[in-house]
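The structure file input-v2.cif is reproduced below (mmCIF, C-alpha atoms).
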data_coords
#
loop_
_atom_site.label_atom_id
_atom_site.label_comp_id
_atom_site.auth_asym_id
_atom_site.auth_seq_id
_atom_site.Cartn_x
_atom_site.Cartn_y
_atom_site.Cartn_z
CA MET A 5 -38.19 57.97 5.77
CA ARG A 6 -41.31 55.86 6.19
CA LEU A 7 -41.02 54.74 2.54
CA LYS A 8 -37.37 53.87 3.09
CA ALA A 9 -38.27 51.82 6.13
CA LYS A 10 -40.94 49.95 4.17
CA ILE A 11 -38.51 49.20 1.34
CA LEU A 12 -35.92 48.06 3.85
CA SER A 13 -38.36 45.84 5.72
CA LEU A 14 -40.18 44.44 2.68
CA ALA A 15 -37.27 43.90 0.29
CA VAL A 16 -33.83 44.13 1.82
CA ALA A 17 -34.48 42.36 5.10
CA PRO A 18 -35.99 39.21 3.51
CA LEU A 19 -33.15 39.11 0.99
CA LEU A 20 -30.56 39.32 3.71
CA LEU A 21 -32.42 36.69 5.69
CA ALA A 22 -32.55 34.39 2.67
CA ILE A 23 -28.83 34.84 2.03
CA ALA A 24 -28.09 34.22 5.71
CA VAL A 25 -30.17 31.03 5.58
CA ILE A 26 -28.41 29.94 2.40
CA GLY A 27 -25.04 30.67 3.99
CA GLY A 28 -26.02 28.69 7.10
CA LEU A 29 -27.15 25.76 4.97
CA LEU A 30 -23.92 25.93 3.01
CA VAL A 31 -21.87 25.86 6.19
CA PHE A 32 -23.93 22.95 7.53
CA GLU A 33 -23.66 20.95 4.30
CA THR A 34 -19.96 21.66 4.02
CA GLN A 35 -19.34 20.46 7.56
CA ARG A 36 -21.28 17.27 6.82
CA LEU A 37 -19.35 16.82 3.60
CA GLU A 38 -16.12 17.44 5.50
CA ARG A 39 -16.91 14.67 7.99
CA GLN A 40 -17.85 12.26 5.22
CA GLN A 41 -14.80 13.00 3.11
CA ALA A 42 -12.48 12.84 6.12
CA GLN A 43 -13.92 9.43 6.98
CA VAL A 44 -13.51 8.21 3.40
CA LEU A 45 -9.99 9.60 3.27
CA GLU A 46 -9.06 7.87 6.53
CA GLU A 47 -10.52 4.55 5.41
CA VAL A 48 -8.66 4.70 2.09
CA LEU A 49 -5.34 5.58 3.72
CA LEU A 50 -5.76 3.01 6.50
CA GLY A 51 -6.69 0.37 3.92
CA THR A 52 -3.46 1.10 2.09
CA LYS A 53 -1.51 0.91 5.33
CA ARG A 54 -3.14 -2.42 6.22
CA ASP A 55 -2.05 -3.88 2.89
CA GLU A 56 1.43 -2.47 3.43
CA LEU A 57 1.68 -3.96 6.92
CA ARG A 58 0.69 -7.41 5.66
CA SER A 59 3.36 -7.16 2.97
CA TYR A 60 6.00 -6.20 5.55
CA ILE A 61 5.05 -9.09 7.86
CA GLU A 62 5.13 -11.52 4.94
CA LEU A 63 8.57 -10.16 4.04
CA ALA A 64 9.76 -10.68 7.63
CA LEU A 65 8.39 -14.23 7.69
CA THR A 66 10.13 -14.93 4.39
CA SER A 67 13.45 -13.68 5.81
CA ILE A 68 13.33 -16.28 8.65
CA GLU A 69 11.63 -18.99 6.63
CA HIS A 70 14.90 -20.95 6.36
CA LEU A 71 14.99 -21.09 10.16
CA TYR A 72 11.40 -21.33 11.39
CA GLY A 73 9.95 -22.92 8.27
CA ALA A 74 12.70 -25.52 8.26
CA GLY A 75 11.46 -26.78 11.65
CA ARG A 76 14.45 -25.61 13.67
CA ASP A 77 13.71 -24.93 17.34
CA ASP A 78 17.24 -24.63 18.71
CA GLU A 79 18.53 -21.50 20.42
CA ALA A 80 21.02 -20.84 17.62
CA ALA A 81 18.17 -20.61 15.12
CA LYS A 82 16.22 -18.26 17.40
CA GLU A 83 19.26 -16.03 17.93
CA GLN A 84 19.84 -15.88 14.19
CA ALA A 85 16.18 -14.99 13.65
CA LYS A 86 16.47 -12.22 16.27
CA ALA A 87 19.49 -10.79 14.48
CA ILE A 88 17.73 -10.85 11.11
CA LEU A 89 14.56 -9.17 12.40
CA SER A 90 16.57 -6.57 14.35
CA SER A 91 18.39 -5.55 11.17
CA MET A 92 15.26 -5.18 9.04
CA LYS A 93 13.92 -1.64 8.78
CA PHE A 94 11.67 0.24 6.38
CA GLY A 95 11.14 3.92 5.91
CA VAL A 96 12.24 6.37 8.60
CA ASP A 97 10.36 4.85 11.54
CA GLY A 98 9.61 1.28 10.42
CA TYR A 99 10.91 -1.75 12.33
CA PHE A 100 9.87 -5.21 13.54
CA PHE A 101 9.38 -6.31 17.16
CA VAL A 102 9.04 -9.69 18.85
CA TYR A 103 7.40 -10.55 22.18
CA ALA A 104 7.00 -13.85 24.00
CA ASN A 105 3.41 -14.90 24.65
CA ASP A 106 3.75 -13.79 28.29
CA GLY A 107 4.64 -10.21 27.25
CA LEU A 108 8.45 -10.44 27.49
CA ASN A 109 10.16 -8.25 24.89
CA ILE A 110 12.61 -10.21 22.74
CA VAL A 111 13.40 -7.88 19.80
CA HIS A 112 13.01 -4.10 19.60
CA PRO A 113 15.70 -2.42 17.42
CA ARG A 114 14.49 1.18 18.01
CA MET A 115 14.10 0.87 21.83
CA PRO A 116 16.73 -1.67 22.92
CA ASP A 117 16.17 -0.80 26.60
CA LEU A 118 12.85 -2.66 26.38
CA VAL A 119 14.51 -5.97 25.49
CA GLY A 120 14.19 -8.32 28.45
CA GLN A 121 11.32 -6.37 30.05
CA ASN A 122 7.84 -7.81 30.52
CA LEU A 123 5.30 -5.33 29.13
CA TRP A 124 2.16 -7.43 29.58
CA ASN A 125 0.52 -4.79 31.81
CA MET A 126 1.78 -1.71 29.93
CA ARG A 127 -0.99 0.68 28.80
CA ASP A 128 -0.90 3.70 26.53
CA THR A 129 -2.49 7.03 27.44
CA ASN A 130 -5.85 5.80 26.13
CA GLY A 131 -5.76 2.86 28.56
CA THR A 132 -5.08 0.22 25.89
CA TYR A 133 -3.00 -2.79 26.98
CA VAL A 134 -0.77 -2.55 23.92
CA ILE A 135 1.29 -5.75 24.10
CA ARG A 136 -1.56 -7.80 25.50
CA GLU A 137 -3.82 -6.79 22.60
CA LEU A 138 -1.12 -7.39 19.97
CA ILE A 139 -0.53 -10.89 21.35
CA GLN A 140 -4.28 -11.53 21.27
CA ARG A 141 -4.51 -10.41 17.62
CA ALA A 142 -1.63 -12.75 16.78
CA LYS A 143 -3.32 -15.71 18.51
CA GLU A 144 -6.47 -14.99 16.49
CA GLY A 145 -4.54 -15.77 13.33
CA GLY A 146 -3.04 -12.36 12.72
CA GLY A 147 -4.73 -8.99 13.01
CA TYR A 148 -4.53 -5.21 13.34
CA GLN A 149 -4.41 -3.11 16.53
CA ARG A 150 -4.45 0.66 17.01
CA TYR A 151 -2.53 2.19 19.89
CA LEU A 152 -0.28 5.09 20.90
CA TRP A 153 3.51 4.73 20.79
CA PRO A 154 6.59 7.02 20.70
CA LYS A 155 7.68 7.86 17.14
CA PRO A 156 11.47 7.30 16.83
CA SER A 157 12.12 10.21 14.45
CA THR A 158 10.37 12.81 16.62
CA GLY A 159 10.08 11.26 20.10
CA ARG A 160 6.41 12.31 20.27
CA ILE A 161 3.57 9.96 21.12
CA GLU A 162 1.65 9.31 17.89
CA ARG A 163 -1.18 7.08 16.74
CA LYS A 164 0.05 3.78 15.32
CA LEU A 165 -1.52 0.89 13.44
CA GLY A 166 0.11 -2.44 14.29
CA TYR A 167 -0.15 -5.89 12.73
CA SER A 168 0.98 -9.06 14.49
CA VAL A 169 1.19 -12.78 13.77
CA GLU A 170 2.07 -15.75 15.95
CA LEU A 171 5.01 -18.14 15.65
CA PRO A 172 3.38 -20.81 17.84
CA ARG A 173 6.23 -23.28 17.84
CA TRP A 174 8.60 -20.71 19.32
CA GLY A 175 5.94 -19.01 21.45
CA TRP A 176 6.64 -15.67 19.71
CA MET A 177 4.48 -12.79 18.59
CA LEU A 178 6.04 -11.07 15.54
CA GLY A 179 4.71 -7.65 14.69
CA THR A 180 5.31 -4.30 13.06
CA GLY A 181 3.44 -1.03 12.76
CA ILE A 182 3.02 2.17 10.79
CA TYR A 183 2.44 5.59 12.33
CA VAL A 184 -0.75 7.20 11.06
CA ASP A 185 -0.08 10.84 11.90
CA ASP A 186 0.02 11.50 8.16
CA VAL A 187 -3.63 10.42 8.01
CA ASP A 188 -4.47 13.18 10.48
CA ALA A 189 -2.42 15.64 8.43
CA ALA A 190 -4.23 14.67 5.21
CA ALA A 191 -7.61 15.08 6.95
CA ALA A 192 -6.50 18.49 8.24
CA ARG A 193 -5.55 19.54 4.71
CA LEU A 194 -8.94 18.38 3.50
CA ARG A 195 -10.69 20.40 6.19
CA GLY A 196 -8.54 23.42 5.37
CA ASN A 197 -9.45 23.24 1.67
CA LEU A 198 -13.14 22.91 2.45
CA LEU A 199 -13.07 25.77 4.95
CA ALA A 200 -11.27 27.97 2.44
CA SER A 201 -13.95 27.18 -0.14
CA VAL A 202 -16.67 28.01 2.40
CA ARG A 203 -15.03 31.32 3.26
CA GLU A 204 -14.79 32.24 -0.41
CA THR A 205 -18.43 31.30 -0.96
CA LEU A 206 -19.65 33.22 2.10
CA LEU A 207 -17.64 36.23 1.00
CA GLY A 208 -19.26 36.00 -2.41
CA LEU A 209 -22.70 35.72 -0.82
CA ALA A 210 -21.99 38.71 1.39
CA THR A 211 -20.90 40.73 -1.63
CA VAL A 212 -24.01 39.70 -3.51
CA ALA A 213 -26.13 40.60 -0.48
CA VAL A 214 -24.59 44.06 -0.16
CA VAL A 215 -24.88 44.76 -3.86
CA ALA A 216 -28.43 43.47 -3.99
CA ALA A 217 -29.45 45.43 -0.91
CA LEU A 218 -28.04 48.67 -2.31
CA ALA A 219 -29.64 48.04 -5.68
CA VAL A 220 -33.04 47.32 -4.15
CA PHE A 221 -32.80 50.26 -1.77
CA ALA A 222 -31.79 52.72 -4.52
CA GLY A 223 -34.37 51.38 -6.94
CA GLY A 224 -37.15 51.64 -4.37
CA LEU A 225 -36.38 55.35 -3.88
CA ALA A 226 -36.42 56.18 -7.58
CA LEU A 227 -39.08 53.94 -9.04
CA ASN A 228 -42.86 54.04 -8.94
CA ILE A 229 -45.22 51.17 -8.34
CA SER A 230 -44.63 49.62 -11.76
CA GLU A 231 -40.91 49.96 -11.29
CA GLN A 232 -41.27 48.37 -7.87
CA ARG A 233 -42.92 45.37 -9.54
CA GLN A 234 -40.00 45.19 -11.93
CA ALA A 235 -37.72 45.38 -8.91
CA ASP A 236 -39.58 42.41 -7.44
CA ARG A 237 -38.85 40.41 -10.58
CA LYS A 238 -35.23 41.37 -10.32
CA LEU A 239 -35.19 40.21 -6.72
CA LYS A 240 -36.52 36.84 -7.79
CA ALA A 241 -33.86 36.61 -10.47
CA LEU A 242 -31.26 37.58 -7.91
CA ALA A 243 -32.48 34.89 -5.51
CA HIS A 244 -32.21 32.41 -8.37
CA ARG A 245 -28.66 33.54 -9.06
CA VAL A 246 -27.80 33.09 -5.40
CA VAL A 247 -29.13 29.54 -5.43
CA THR A 248 -27.35 28.88 -8.74
CA SER A 249 -24.16 30.29 -7.29
CA GLN A 250 -24.47 27.93 -4.36
CA GLU A 251 -24.96 24.92 -6.65
CA GLU A 252 -22.03 25.98 -8.81
CA GLU A 253 -19.87 26.32 -5.73
CA ARG A 254 -20.88 22.87 -4.54
CA ALA A 255 -20.08 21.51 -7.98
CA ARG A 256 -16.67 23.18 -7.86
CA VAL A 257 -15.99 21.74 -4.40
CA SER A 258 -17.06 18.34 -5.69
CA ARG A 259 -14.68 18.65 -8.67
CA ASP A 260 -11.86 19.70 -6.39
CA LEU A 261 -12.49 16.70 -4.15
CA HIS A 262 -12.57 14.36 -7.12
CA ASP A 263 -9.73 15.80 -9.17
CA HIS A 264 -7.33 16.92 -6.45
CA ILE A 265 -7.98 14.78 -3.38
CA CYS A 266 -8.38 11.53 -5.29
CA GLN A 267 -5.15 12.20 -7.19
CA LEU A 268 -3.47 12.96 -3.88
CA LEU A 269 -4.67 9.63 -2.47
CA VAL A 270 -3.37 7.73 -5.49
CA SER A 271 -0.04 9.53 -5.19
CA ILE A 272 0.19 8.69 -1.47
CA LYS A 273 -0.72 5.08 -2.22
CA TYR A 274 2.03 4.97 -4.84
CA GLN A 275 4.61 6.34 -2.42
CA PHE A 276 3.66 3.82 0.28
CA GLU A 277 3.76 0.89 -2.13
CA LEU A 278 7.03 2.14 -3.53
CA VAL A 279 8.55 1.55 -0.06
CA GLY A 280 7.56 -2.11 -0.38
CA HIS A 281 9.03 -2.17 -3.90
CA ARG A 282 12.32 -0.78 -2.61
CA LEU A 283 12.44 -3.33 0.19
CA ALA A 284 11.85 -6.17 -2.26
CA HIS A 285 14.38 -4.69 -4.73
CA PRO A 286 17.10 -3.05 -2.57
CA GLY A 287 19.23 -2.30 -5.62
CA ALA A 288 16.66 -0.10 -7.31
CA GLN A 289 17.46 3.59 -7.86
CA PRO A 290 15.44 6.05 -5.71
CA VAL A 291 12.75 8.12 -7.40
CA THR A 292 13.82 11.75 -7.50
CA ALA A 293 11.36 13.43 -9.91
CA ILE A 294 7.73 13.59 -8.88
CA ASP A 295 6.67 14.23 -12.49
CA ARG A 296 8.35 11.02 -13.56
CA GLU A 297 6.71 9.15 -10.67
CA ILE A 298 3.25 10.36 -11.65
CA ALA A 299 3.84 9.47 -15.31
CA ALA A 300 4.84 5.93 -14.31
CA LEU A 301 2.04 5.52 -11.77
CA SER A 302 -0.01 2.93 -13.63
CA LYS A 303 2.99 0.74 -14.26
CA ALA A 304 4.20 1.16 -10.67
CA ILE A 305 0.81 0.14 -9.21
CA GLY A 306 0.78 -2.99 -11.36
CA GLU A 307 4.34 -3.80 -10.42
CA VAL A 308 3.71 -3.36 -6.69
CA ARG A 309 0.61 -5.53 -6.97
CA ARG A 310 2.70 -8.19 -8.68
CA ILE A 311 5.33 -7.96 -5.92
CA SER A 312 2.60 -8.29 -3.29
CA HIS A 313 1.29 -11.44 -4.94
CA ASP A 314 4.82 -12.77 -5.32
CA LEU A 315 5.54 -12.48 -1.59
CA ARG A 316 3.69 -15.78 -1.20
CA PRO A 317 2.88 -17.95 -4.24
CA ALA A 318 -0.79 -18.68 -3.58
CA LEU A 319 -0.89 -20.32 -7.01
CA LEU A 320 1.58 -22.91 -5.75
CA ASP A 321 -0.49 -23.58 -2.63
CA ASP A 322 -3.69 -23.99 -4.64
CA LEU A 323 -2.48 -26.02 -7.62
CA GLY A 324 0.82 -27.66 -6.65
CA LEU A 325 4.20 -27.20 -8.30
CA PRO A 326 3.58 -28.94 -11.67
CA ALA A 327 0.28 -27.13 -12.28
CA ALA A 328 1.76 -23.84 -11.08
CA LEU A 329 4.65 -24.17 -13.54
CA GLU A 330 2.20 -24.90 -16.37
CA HIS A 331 0.20 -21.82 -15.36
CA ILE A 332 3.10 -19.36 -15.42
CA ALA A 333 4.37 -20.97 -18.64
CA GLY A 334 0.97 -20.45 -20.23
CA GLU A 335 0.90 -16.83 -19.11
CA LEU A 336 4.35 -16.23 -20.65
CA ALA A 337 3.37 -17.90 -23.91
CA GLN A 338 0.18 -15.86 -24.15
CA ARG A 339 1.94 -12.63 -23.24
CA SER A 340 5.06 -12.93 -25.38
CA GLY A 341 4.20 -15.41 -28.16
CA LEU A 342 7.04 -17.74 -27.13
CA GLU A 343 6.62 -21.49 -27.40
CA VAL A 344 6.80 -22.66 -23.78
CA ARG A 345 6.47 -26.38 -22.98
CA VAL A 346 6.29 -28.05 -19.56
CA PHE A 347 7.21 -31.69 -18.93
CA PRO A 348 6.25 -32.64 -15.34
CA ARG A 349 7.34 -36.14 -14.33
CA VAL A 350 6.91 -36.06 -10.57
CA HIS A 351 4.89 -37.66 -7.80
CA GLU A 352 3.06 -34.72 -6.20
CA GLU A 353 3.04 -36.31 -2.73
CA ARG A 354 6.85 -36.51 -2.71
CA LEU A 355 7.45 -32.77 -3.12
CA PRO A 356 8.49 -31.06 0.14
CA GLU A 357 6.99 -27.57 0.48
CA LEU A 358 10.21 -25.60 1.03
CA GLN A 359 11.90 -27.11 -2.02
CA ALA A 360 8.76 -26.71 -4.14
CA VAL A 361 8.59 -23.00 -3.27
CA SER A 362 12.28 -22.55 -4.08
CA LEU A 363 11.91 -24.20 -7.49
CA PHE A 364 8.82 -22.15 -8.25
CA ARG A 365 10.72 -18.94 -7.47
CA VAL A 366 13.65 -20.05 -9.62
CA ALA A 367 11.27 -20.79 -12.50
CA GLN A 368 9.62 -17.39 -12.15
CA GLU A 369 12.95 -15.56 -12.27
CA ALA A 370 14.34 -17.70 -15.09
CA LEU A 371 11.27 -17.17 -17.28
CA ARG A 372 11.37 -13.45 -16.55
CA ASN A 373 15.04 -13.26 -17.60
CA ALA A 374 14.40 -15.30 -20.74
CA GLU A 375 11.55 -13.04 -21.75
CA ARG A 376 13.54 -9.85 -21.19
CA HIS A 377 17.01 -10.77 -22.40
CA ALA A 378 17.29 -14.13 -24.20
CA ARG A 379 15.46 -13.32 -27.47
CA ALA A 380 14.45 -16.98 -27.49
CA ARG A 381 11.76 -18.68 -29.56
CA ARG A 382 11.23 -21.78 -27.44
CA ILE A 383 11.55 -22.60 -23.74
CA ASP A 384 11.33 -26.09 -22.24
CA ILE A 385 10.64 -26.69 -18.53
CA ARG A 386 11.31 -30.18 -17.16
CA LEU A 387 10.49 -31.24 -13.60
CA GLU A 388 11.55 -34.72 -12.48
CA ASP A 389 11.91 -36.58 -9.17
CA ALA A 390 13.83 -39.65 -10.34
CA ASP A 391 16.73 -41.20 -8.39
CA ASP A 392 15.66 -39.57 -5.10
CA LYS A 393 16.38 -36.15 -6.56
CA LEU A 394 13.94 -33.35 -7.37
CA GLU A 395 15.27 -31.52 -10.41
CA LEU A 396 14.08 -28.50 -12.39
CA ARG A 397 15.70 -27.93 -15.79
CA ILE A 398 14.86 -24.88 -17.93
CA THR A 399 16.23 -24.72 -21.48
CA ASP A 400 15.92 -21.97 -24.09
CA ASP A 401 17.30 -21.41 -27.60
CA GLY A 402 18.11 -17.74 -27.05
CA CYS A 403 21.24 -15.70 -27.69
CA GLY A 404 23.03 -16.98 -24.59
CA PHE A 405 25.64 -15.16 -22.50
CA ASP A 406 29.00 -15.65 -20.80
CA VAL A 407 28.11 -17.00 -17.36
CA LYS A 408 31.44 -16.10 -15.73
CA THR A 409 31.32 -12.56 -17.09
CA VAL A 410 27.76 -11.99 -15.88
CA GLU A 411 28.42 -13.46 -12.42
CA SER A 412 31.58 -11.37 -11.92
CA SER A 413 30.18 -8.15 -13.37
CA LYS A 414 29.53 -5.34 -10.89
CA ASP A 415 26.56 -4.19 -12.97
CA ARG A 416 24.76 -7.53 -13.05
CA GLY A 417 21.22 -7.82 -11.72
CA ILE A 418 20.44 -9.64 -8.51
CA GLY A 419 18.18 -12.24 -10.17
CA LEU A 420 20.92 -14.78 -10.94
CA SER A 421 22.57 -14.49 -7.53
CA ASN A 422 19.17 -14.69 -5.85
CA MET A 423 18.34 -17.93 -7.63
CA ARG A 424 21.66 -19.50 -6.73
CA GLU A 425 21.49 -18.34 -3.12
CA ARG A 426 17.88 -19.54 -2.69
CA VAL A 427 18.67 -23.03 -3.95
CA GLU A 428 22.00 -23.51 -2.15
CA ARG A 429 20.68 -22.06 1.11
CA ASN A 430 18.02 -24.77 1.19
CA GLY A 431 20.53 -27.57 0.55
CA GLY A 432 20.20 -27.78 -3.23
CA THR A 433 22.48 -27.53 -6.25
CA PHE A 434 22.35 -24.78 -8.88
CA LYS A 435 24.02 -25.00 -12.30
CA LEU A 436 23.92 -22.68 -15.30
CA ILE A 437 25.39 -23.37 -18.74
CA SER A 438 24.98 -20.92 -21.62
CA HIS A 439 26.27 -20.35 -25.12
CA PRO A 440 24.61 -18.91 -28.25
CA GLY A 441 21.48 -20.86 -29.07
CA HIS A 442 21.42 -22.96 -25.92
CA THR A 443 21.05 -22.01 -22.26
CA VAL A 444 20.35 -24.61 -19.55
CA LEU A 445 19.49 -23.78 -15.93
CA THR A 446 19.35 -26.71 -13.50
CA ALA A 447 18.23 -26.58 -9.86
CA SER A 448 17.94 -29.78 -7.84
CA PHE A 449 17.29 -30.96 -4.28
CA PRO A 450 17.91 -34.39 -2.74
CA LEU A 451 14.64 -36.11 -1.82
CA ALA A 452 16.17 -38.58 0.63
CA GLY A 453 14.66 -37.96 4.07
CA LEU A 454 12.41 -35.14 2.78
CA ALA A 455 9.54 -37.03 1.17
#
As structure tokens - that is how I would like this structure written.
Amino acid sequence: MRLKAKILSLAVAPLLLAIAVIGGLLVFETQRLERQQAQVLEEVLLGTKRDELRSYIELALTSIEHLYGAGRDDEAAKEQAKAILSSMKFGVDGYFFVYANDGLNIVHPRMPDLVGQNLWNMRDTNGTYVIRELIQRAKEGGGYQRYLWPKPSTGRIERKLGYSVELPRWGWMLGTGIYVDDVDAAAARLRGNLLASVRETLLGLATVAVVAALAVFAGGLALNISEQRQADRKLKALAHRVVTSQEEERARVSRDLHDHICQLLVSIKYQFELVGHRLAHPGAQPVTAIDREIAALSKAIGEVRRISHDLRPALLDDLGLPAALEHIAGELAQRSGLEVRVFPRVHEERLPELQAVSLFRVAQEALRNAERHARARRIDIRLEDADDKLELRITDDGCGFDVKTVESSKDRGIGLSNMRERVERNGGTFKLISHPGHTVLTASFPLAGLA
């Protein structure tokens, strides 16, 4: 019995202590890794949501650009803007809200009882003055604000990330927000996966400890001094295996984090950006097969990025309309091999911003259609401002099409109708003539009183 006690105290007890220490270190490191990964996960998801919120606000501003951007300050324009913003929704719980700078609610489609109430002093359960802070972010040039707000689909109070901008001429704060309870859910899943891995590892360590203890105990009873030395070597090898097992487990956890969690984040990012894609293209078919979505992920990310950039033509702001047209023409020529020529004959200082943006959009859509459908070899772009008229004329030598048939077809795309509506809504004229070998698109605006 004394020999058994010595073996137990000299061999088994230190081994169990070492395994316990290793297990404690594993738990500690896993908890630290959990906190770090949860923080990274939250930052990535919130970064995606911030980009999405900016896209939604830019979309809302674009929808009332013909009212606010046109300089209208009459009540009829404001009422029309209210109606437009009230009708705009995204996702299950997405909407836009408007407050006056003194905190008076003007638009709230999901909680109409709030319209007409002054919420300047309203605080959430964390003590945040929600409306006051959103107005402050808007006055700072646009910014983000976290707060708690009821979620329409569930009625529960959830965390929300809001983004607001100011319409100073009307004294409005325009904002929207995205609930971030899914961020908490993703972090919980991450913690659950890590805890499951820890439990599996600890169970493996416990099994190793039991097996090792029994092996050492049985060997100490049967072996002599030389065999005890051999048992010591085995113990060292066992300790090495334990450490190796720990490192292998950490490597496996690291691979799981990289291969599974990162793919999950990209998938979530794709689904969020796909909402923006559907808003910008309301006629698109919904995605029903997740395998097909994953296979098209790279193309979808590029397309959403392109849509985000197209929400506001920064190229037009930086270079002006003639240079912007030459830039997109050069990109098309380089990409497709088409011969694309630009003939700008305009005085840059005479171009009003709203009309310049409209013509740039028309040119973008027309070049896109020519590239996809016309089978043309040459495209000419002419921009002139003669006779107090700003005119864009795009000509190609493609296969042509029947204009009346395309415009009356139920299966036509929305590009042609969008171009016509954009030009005519801003007071311009849109014409399209096409036959085999010759298609001419003309969009013009009167310059009288606009220069």
For this structure, which residues satisfy the selection - the PyMOL selection byres ((chain A and resi 334) around 12) - when it is evaluated on the file as given? I want them as a list in words.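 Listing what the PyMOL selection byres ((chain A and resi 334) around 12) selects in the shown file: Ala327, Ala328, Leu329, Glu330, His331, Ile332, Ala333, Glu335, Leu336, Ala337, Gln338, Arg339, Ser340, Gly341, Leu342, Glu343, Val344, Arg345, Val346, Leu371, Ile383, Asp384 and Ile385 of chain A.
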Please dump the current selection as a short mmCIF file (atom, residue, chain, number, x, y, z; two decimals), in the frame of the given file; keep C-alpha atoms.
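Now in out31.cif:
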data_model
loop_
_atom_site.label_atom_id
_atom_site.label_comp_id
_atom_site.auth_asym_id
_atom_site.auth_seq_id
_atom_site.Cartn_x
_atom_site.Cartn_y
_atom_site.Cartn_z
CA ALA A 327 0.28 -27.13 -12.28
CA ALA A 328 1.76 -23.84 -11.08
CA LEU A 329 4.65 -24.17 -13.54
CA GLU A 330 2.20 -24.90 -16.37
CA HIS A 331 0.20 -21.82 -15.36
CA ILE A 332 3.10 -19.36 -15.42
CA ALA A 333 4.37 -20.97 -18.64
CA GLU A 335 0.90 -16.83 -19.11
CA LEU A 336 4.35 -16.23 -20.65
CA ALA A 337 3.37 -17.90 -23.91
CA GLN A 338 0.18 -15.86 -24.15
CA ARG A 339 1.94 -12.63 -23.24
CA SER A 340 5.06 -12.93 -25.38
CA GLY A 341 4.20 -15.41 -28.16
CA LEU A 342 7.04 -17.74 -27.13
CA GLU A 343 6.62 -21.49 -27.40
CA VAL A 344 6.80 -22.66 -23.78
CA ARG A 345 6.47 -26.38 -22.98
CA VAL A 346 6.29 -28.05 -19.56
CA LEU A 371 11.27 -17.17 -17.28
CA ILE A 383 11.55 -22.60 -23.74
CA ASP A 384 11.33 -26.09 -22.24
CA ILE A 385 10.64 -26.69 -18.53
#
One decimal, in Å: what's the spacing between CA of Arg136 in chain A and CA of Ser91 in chain A?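 CA of Ser91 in chain A lies 24.7 Å from CA of Arg136 in chain A.
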Apply the PyMOL selection byres ((chain A and resi 52-57) around 7) to the structure shown and report the selected residues as an MDAnalysis selection string. chainID A and resid 48:51 58:61 167 181 273 277
Once the PyMOL selection byres ((chain A and resi 117-121) around 12) has been applied to the shown file, what residues remain in the selection, as a ChimeraX atom specification? /A:86,90,101-104,106-116,122-126,135
Need the axis-aligned box for range 333-352 of chain A with 4 Å each side, so what are the centre and edges in Å to one decimal, as lines of an AutoDock Vina configuration file?
center_x = 3.8
center_y = -25.1
center_z = -17.2
size_x = 15.2
size_y = 33.0
size_z = 30.0
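As for CA of Arg381 in chain A and CA of Glu369 in chain A, they are spaced 17.6 Å apart.
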Figure out the distance between CA of Ala81 in chain A and CA of Ile182 in chain A, please, to one decimal in Å.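 So the two atoms, CA of Ile182 in chain A and CA of Ala81 in chain A, lie 27.7 Å apart.
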Show which residues sit within 8 Å of range 172-175 of chain A, as a ChimeraX atom specification. Count all atoms listed in the file, and ignore same-chain residues fewer than 2 positions away. /A:77,104-105,170,177
Could you turn the residues from that selection into a file that holds C-alpha atoms, as a compact mmCIF listing (two decimals), in the coordinates of the input?
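Now in result.txt:
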# COMPACT_ATOMS: atom_id res chain seq x y z
CA ASP A 77 13.71 -24.93 17.34
CA ALA A 104 7.00 -13.85 24.00
CA ASN A 105 3.41 -14.90 24.65
CA GLU A 170 2.07 -15.75 15.95
CA MET A 177 4.48 -12.79 18.59
